[in-house]
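Asks: Below you'll find entry-v9.pdb; it's PDB, C-alpha atoms.
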ATOM      1  CA  MET P   1     -65.974 354.057  68.988
ATOM      2  CA  GLU P   2     -65.864 353.122  65.363
ATOM      3  CA  ASP P   3     -68.642 351.144  63.655
ATOM      4  CA  THR P   4     -67.625 348.561  61.089
ATOM      5  CA  SER P   5     -69.690 346.166  58.974
ATOM      6  CA  ILE P   6     -68.647 342.577  58.439
ATOM      7  CA  CYS P   7     -70.185 339.511  56.755
ATOM      8  CA  GLY P   8     -71.474 341.414  53.757
ATOM      9  CA  GLY P   9     -73.030 344.105  55.907
ATOM     10  CA  ARG P  10     -75.269 341.664  57.833
ATOM     11  CA  THR P  11     -73.618 342.248  61.223
ATOM     12  CA  ALA P  12     -72.650 345.639  62.593
ATOM     13  CA  VAL P  13     -69.579 345.468  64.824
ATOM     14  CA  ASN P  14     -68.757 348.268  67.217
ATOM     15  CA  MET P  15     -65.015 348.313  67.869
ATOM     16  CA  LEU P  16     -64.444 349.052  71.547
ATOM     17  CA  TYR P  17     -60.665 348.744  71.159
ATOM     18  CA  ASP P  18     -58.336 347.689  68.362
ATOM     19  CA  ASP P  19     -54.557 347.654  68.187
ATOM     20  CA  GLU P  20     -51.949 345.420  66.576
ATOM     21  CA  ARG P  21     -52.322 342.842  69.376
ATOM     22  CA  LEU P  22     -55.942 342.902  70.587
ATOM     23  CA  ARG P  23     -59.353 343.502  69.095
ATOM     24  CA  VAL P  24     -62.375 344.088  71.366
ATOM     25  CA  ALA P  25     -65.612 344.101  69.383
ATOM     26  CA  LEU P  26     -69.216 344.535  70.469
ATOM     27  CA  VAL P  27     -70.848 342.035  68.092
ATOM     28  CA  ALA P  28     -74.396 342.334  69.472
ATOM     29  CA  PRO P  29     -75.972 344.216  72.366
ATOM     30  CA  GLY P  30     -74.305 342.801  75.489
ATOM     31  CA  GLU P  31     -72.008 340.455  73.527
ATOM     32  CA  VAL P  32     -68.291 341.146  73.155
ATOM     33  CA  ARG P  33     -65.711 339.150  71.186
ATOM     34  CA  LEU P  34     -61.993 339.290  71.995
ATOM     35  CA  THR P  35     -59.320 338.361  69.467
ATOM     36  CA  GLY P  36     -55.560 338.378  70.047
ATOM     37  CA  ASP P  37     -53.238 338.839  73.013
ATOM     38  CA  ILE P  38     -54.158 340.484  76.329
ATOM     39  CA  ASP P  39     -51.285 341.719  78.468
ATOM     40  CA  PHE P  40     -50.216 344.687  80.583
ATOM     41  CA  SER P  41     -49.857 346.874  77.483
ATOM     42  CA  ASN P  42     -53.551 346.705  76.617
ATOM     43  CA  SER P  43     -55.428 345.296  79.630
ATOM     44  CA  ALA P  44     -56.422 348.767  80.876
ATOM     45  CA  HIS P  45     -57.930 349.461  77.425
ATOM     46  CA  LEU P  46     -59.798 346.149  77.619
ATOM     47  CA  ALA P  47     -61.154 347.040  81.060
ATOM     48  CA  ALA P  48     -62.249 350.477  79.792
ATOM     49  CA  GLY P  49     -63.964 348.940  76.753
ATOM     50  CA  LEU P  50     -65.786 346.387  78.901
ATOM     51  CA  ALA P  51     -66.829 349.126  81.330
ATOM     52  CA  ALA P  52     -68.209 351.234  78.466
ATOM     53  CA  ALA P  53     -70.125 348.267  77.036
ATOM     54  CA  THR P  54     -71.480 347.390  80.506
ATOM     55  CA  ALA P  55     -72.617 350.969  81.070
ATOM     56  CA  GLU P  56     -74.466 350.909  77.755
ATOM     57  CA  HIS P  57     -75.809 347.332  77.680
ATOM     58  CA  GLY P  58     -75.797 345.992  81.250
ATOM     59  CA  GLU P  59     -74.358 342.539  81.904
ATOM     60  CA  LEU P  60     -72.002 341.262  79.226
ATOM     61  CA  ALA P  61     -71.171 337.931  77.654
ATOM     62  CA  VAL P  62     -67.539 337.899  76.464
ATOM     63  CA  ASP P  63     -66.378 335.312  73.922
ATOM     64  CA  VAL P  64     -62.690 334.635  74.595
ATOM     65  CA  ALA P  65     -62.211 331.807  72.067
ATOM     66  CA  GLY P  66     -59.997 334.079  69.939
ATOM     67  CA  VAL P  67     -57.639 334.999  72.800
ATOM     68  CA  THR P  68     -54.209 333.580  71.965
ATOM     69  CA  PHE P  69     -52.369 334.855  75.067
ATOM     70  CA  VAL P  70     -53.404 336.332  78.394
ATOM     71  CA  ASP P  71     -51.302 337.386  81.393
ATOM     72  CA  LEU P  72     -52.415 338.188  84.940
ATOM     73  CA  SER P  73     -53.316 341.792  84.124
ATOM     74  CA  GLY P  74     -55.528 340.515  81.305
ATOM     75  CA  LEU P  75     -57.267 338.016  83.574
ATOM     76  CA  ARG P  76     -57.868 340.741  86.113
ATOM     77  CA  ALA P  77     -59.352 343.001  83.441
ATOM     78  CA  LEU P  78     -61.760 340.174  82.578
ATOM     79  CA  LEU P  79     -62.542 338.851  86.051
ATOM     80  CA  GLN P  80     -62.190 342.044  88.108
ATOM     81  CA  PRO P  81     -63.624 344.716  85.822
ATOM     82  CA  TYR P  82     -65.234 346.576  88.703
ATOM     83  CA  ALA P  83     -62.218 346.669  90.993
ATOM     84  CA  LEU P  84     -60.679 350.078  91.479
ATOM     85  CA  PRO P  85     -57.721 350.453  89.072
ATOM     86  CA  GLU P  86     -55.158 350.593  91.880
ATOM     87  CA  THR P  87     -56.303 347.182  93.133
ATOM     88  CA  ARG P  88     -57.040 345.649  89.752
ATOM     89  CA  TRP P  89     -53.390 345.409  88.770
ATOM     90  CA  TYR P  90     -51.646 344.855  92.095
ATOM     91  CA  GLY P  91     -54.204 343.636  94.644
ATOM     92  CA  SER P  92     -54.183 339.990  95.663
ATOM     93  CA  ARG P  93     -57.923 339.507  96.068
ATOM     94  CA  SER P  94     -59.898 337.535  93.510
ATOM     95  CA  PRO P  95     -63.546 338.624  93.352
ATOM     96  CA  VAL P  96     -64.544 335.087  92.494
ATOM     97  CA  ASP P  97     -62.951 333.644  95.643
ATOM     98  CA  ALA P  98     -63.953 336.487  97.954
ATOM     99  CA  ALA P  99     -67.194 336.530  99.901
ATOM    100  CA  GLU P 100     -67.873 340.057  98.616
ATOM    101  CA  PRO P 101     -67.361 340.992  94.965
ATOM    102  CA  ALA P 102     -64.406 343.310  94.318
ATOM    103  CA  HIS P 103     -66.725 346.114  93.197
ATOM    104  CA  ALA P 104     -68.134 346.319  96.722
ATOM    105  CA  ALA P 105     -64.995 348.289  97.639
ATOM    106  CA  ALA P 106     -65.781 350.934  95.015
ATOM    107  CA  PRO P 107     -67.463 353.973  96.533
ATOM    108  CA  VAL P 108     -70.818 354.945  95.086
ATOM    109  CA  GLY P 109     -70.334 357.702  92.541
ATOM    110  CA  SER P 110     -66.699 356.687  91.908
ATOM    111  CA  GLY P 111     -67.335 356.035  88.220
ATOM    112  CA  VAL P 112     -66.658 352.317  88.749
ATOM    113  CA  PRO P 113     -69.552 350.341  87.247
ATOM    114  CA  GLN P 114     -71.531 348.138  89.602
ATOM    115  CA  GLY P 115     -72.482 344.573  88.716
ATOM    116  CA  SER P 116     -70.921 341.197  88.259
ATOM    117  CA  PRO P 117     -67.996 340.144  86.066
ATOM    118  CA  PRO P 118     -68.915 339.365  82.461
ATOM    119  CA  GLU P 119     -69.976 335.873  81.480
ATOM    120  CA  LEU P 120     -66.930 334.316  79.812
ATOM    121  CA  ARG P 121     -67.741 332.054  76.883
ATOM    122  CA  ASN P 122     -65.612 329.572  74.966
ATOM    123  CA  ILE P 123     -62.692 329.699  77.396
ATOM    124  CA  PRO P 124     -59.560 328.198  75.810
ATOM    125  CA  PRO P 125     -57.953 325.395  77.851
ATOM    126  CA  ARG P 126     -54.741 327.421  78.341
ATOM    127  CA  MET P 127     -56.698 330.324  79.850
ATOM    128  CA  ARG P 128     -58.674 327.969  82.093
ATOM    129  CA  ARG P 129     -55.415 326.346  83.242
ATOM    130  CA  LEU P 130     -53.839 329.730  84.085
ATOM    131  CA  ILE P 131     -56.890 330.634  86.174
ATOM    132  CA  GLU P 132     -56.542 327.321  88.028
ATOM    133  CA  ILE P 133     -52.782 327.776  88.552
ATOM    134  CA  ILE P 134     -53.241 331.144  90.255
ATOM    135  CA  GLY P 135     -55.951 329.666  92.472
ATOM    136  CA  TRP P 136     -59.008 331.506  91.168
ATOM    137  CA  ARG P 137     -62.322 329.864  90.447
ATOM    138  CA  LEU P 138     -64.375 330.818  87.435
ATOM    139  CA  PRO P 139     -67.836 332.263  88.005
ATOM    140  CA  ALA P 140     -70.536 329.603  87.758
ATOM    141  CA  ARG P 141     -71.883 331.159  84.565
ATOM    142  CA  ALA P 142     -68.595 330.793  82.649
ATOM    143  CA  ASN P 143     -68.523 327.985  80.121
ATOM    144  CA  GLY P 144     -65.549 326.057  78.892
ATOM    145  CA  GLY P 145     -65.945 325.734  75.172
ATOM    146  CA  GLY P 146     -68.129 324.886  72.271
ATOM    147  CA  PRO P 147     -71.021 326.990  71.081
ATOM    148  CA  ALA P 148     -71.988 329.788  73.425
ATOM    149  CA  ALA P 149     -75.329 329.198  75.072
ATOM    150  CA  ARG P 150     -77.409 331.637  77.068
TER     151      ARG P 150
END
If you took the structure in this file and wrote it as structure tokens, what would it be?
Replies:
Amino acid sequence: MEDTSICGGRTAVNMLYDDERLRVALVAPGEVRLTGDIDFSNSAHLAAGLAAATAEHGELAVDVAGVTFVDLSGLRALLQPYALPETRWYGSRSPVDAAEPAHAAAPVGSGVPQGSPPELRNIPPRMRRLIEIIGWRLPARANGGGPAAR
């Protein structure tokens, strides 16, 4: 992980992942900001970055206001971060709709972090609509827009 300073050195940003399409930055302990497009080409990297941040900081708040595109694999990386990889991309179960969270299927000691999905903040209308179209419900602690509030 590479540390970078922004805003005249006032804020240290830890880059969890950065390519030409997506930037995943830890902007404060437990707070991640996503910027760019999330698709099959980088969703596994997003999931790995979120898992690393969760392991280090516990529950996360993820600001998705800067996400310009997301496909199903990207939504699963955000909403099913604790699903086993083989079910994350191809399984049909949404942890939000299921009685048990998806991580319950992960065996103890499997390296899959335990916990709940990150709190999504500042969800763009197009992302919210895609979640509705596929029939998932957002976790109660997700907010729709405006300033992020804890």
Asks: Suppose a student applies the PyMOL selection byres ((chain P and resi 124) around 9) to this structure; what residues should they get, written as a PyMOL selection string?
Replies: chain P and resi 64-68+122-123+125-129+144-145
Asks: Could you work out how far CA of Phe69 (chain P) lies from CA of Leu46 (chain P), giving the answer in Å with one decimal?
Replies: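 Between CA of Leu46 (chain P) and CA of Phe69 (chain P) the gap works out to 13.8 Å.
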Asks: Residues picked by the PyMOL selection byres ((chain P and resi 60) around 6) here, as a VMD selection string?
Replies: chain P and resid 30 to 31 59 61 118
Asks: Could you list, as JSON, numbers by chain, every residue matched by the PyMOL selection byres ((chain P and resi 41) around 12) in this structure?
Replies: {"P": [19, 20, 21, 22, 37, 38, 39, 40, 42, 43, 44, 45, 46, 47, 70, 71, 72, 73, 74, 77, 89]}
Asks: Can you write just those residues out, C-alpha atoms, as an mmCIF file, in the frame of the given file?
Replies:
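selection-v1.cif written:
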data_model
loop_
_atom_site.group_PDB
_atom_site.id
_atom_site.type_symbol
_atom_site.label_atom_id
_atom_site.label_comp_id
_atom_site.auth_asym_id
_atom_site.auth_seq_id
_atom_site.Cartn_x
_atom_site.Cartn_y
_atom_site.Cartn_z
ATOM 1 C CA ASP P 19 -54.557 347.654 68.187
ATOM 2 C CA GLU P 20 -51.949 345.420 66.576
ATOM 3 C CA ARG P 21 -52.322 342.842 69.376
ATOM 4 C CA LEU P 22 -55.942 342.902 70.587
ATOM 5 C CA ASP P 37 -53.238 338.839 73.013
ATOM 6 C CA ILE P 38 -54.158 340.484 76.329
ATOM 7 C CA ASP P 39 -51.285 341.719 78.468
ATOM 8 C CA PHE P 40 -50.216 344.687 80.583
ATOM 9 C CA ASN P 42 -53.551 346.705 76.617
ATOM 10 C CA SER P 43 -55.428 345.296 79.630
ATOM 11 C CA ALA P 44 -56.422 348.767 80.876
ATOM 12 C CA HIS P 45 -57.930 349.461 77.425
ATOM 13 C CA LEU P 46 -59.798 346.149 77.619
ATOM 14 C CA ALA P 47 -61.154 347.040 81.060
ATOM 15 C CA VAL P 70 -53.404 336.332 78.394
ATOM 16 C CA ASP P 71 -51.302 337.386 81.393
ATOM 17 C CA LEU P 72 -52.415 338.188 84.940
ATOM 18 C CA SER P 73 -53.316 341.792 84.124
ATOM 19 C CA GLY P 74 -55.528 340.515 81.305
ATOM 20 C CA ALA P 77 -59.352 343.001 83.441
ATOM 21 C CA TRP P 89 -53.390 345.409 88.770
#
Asks: Nearest to Ser116 (chain P): which of P:Gln80, P:Ile133, P:Leu138, P:Val13 is it, counting all atoms listed in the file?
Replies: P:Gln80
Asks: Using CA of Val62 (chain P) and CA of Arg33 (chain P) as the two end points, give the distance in Å to one decimal.
Replies: 5.7 Å
Asks: So, with all atoms listed in the file as the atoms that count, which of P:Val32, P:Ile134, P:Leu79, P:Ala55 lies closest to Met15 (chain P)?
Replies: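 Closest candidate: P:Val32.
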Asks: In Å, with one decimal, what is the gap from CA of Gly49 (chain P) to CA of Glu132 (chain P)?
Replies: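 Straight-line distance from CA of Gly49 (chain P) to CA of Glu132 (chain P) works out to 25.5 Å.
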Asks: Work out where the centre of an axis-aligned box around every listed atom of region 27-33 of chain P lies and how long its edges are once 5 Å is added on each side; give both in Å to one decimal as AutoDock Vina command-line options.
Replies:
--center_x -70.8 --center_y 341.7 --center_z 71.8 --size_x 20.3 --size_y 15.1 --size_z 17.4
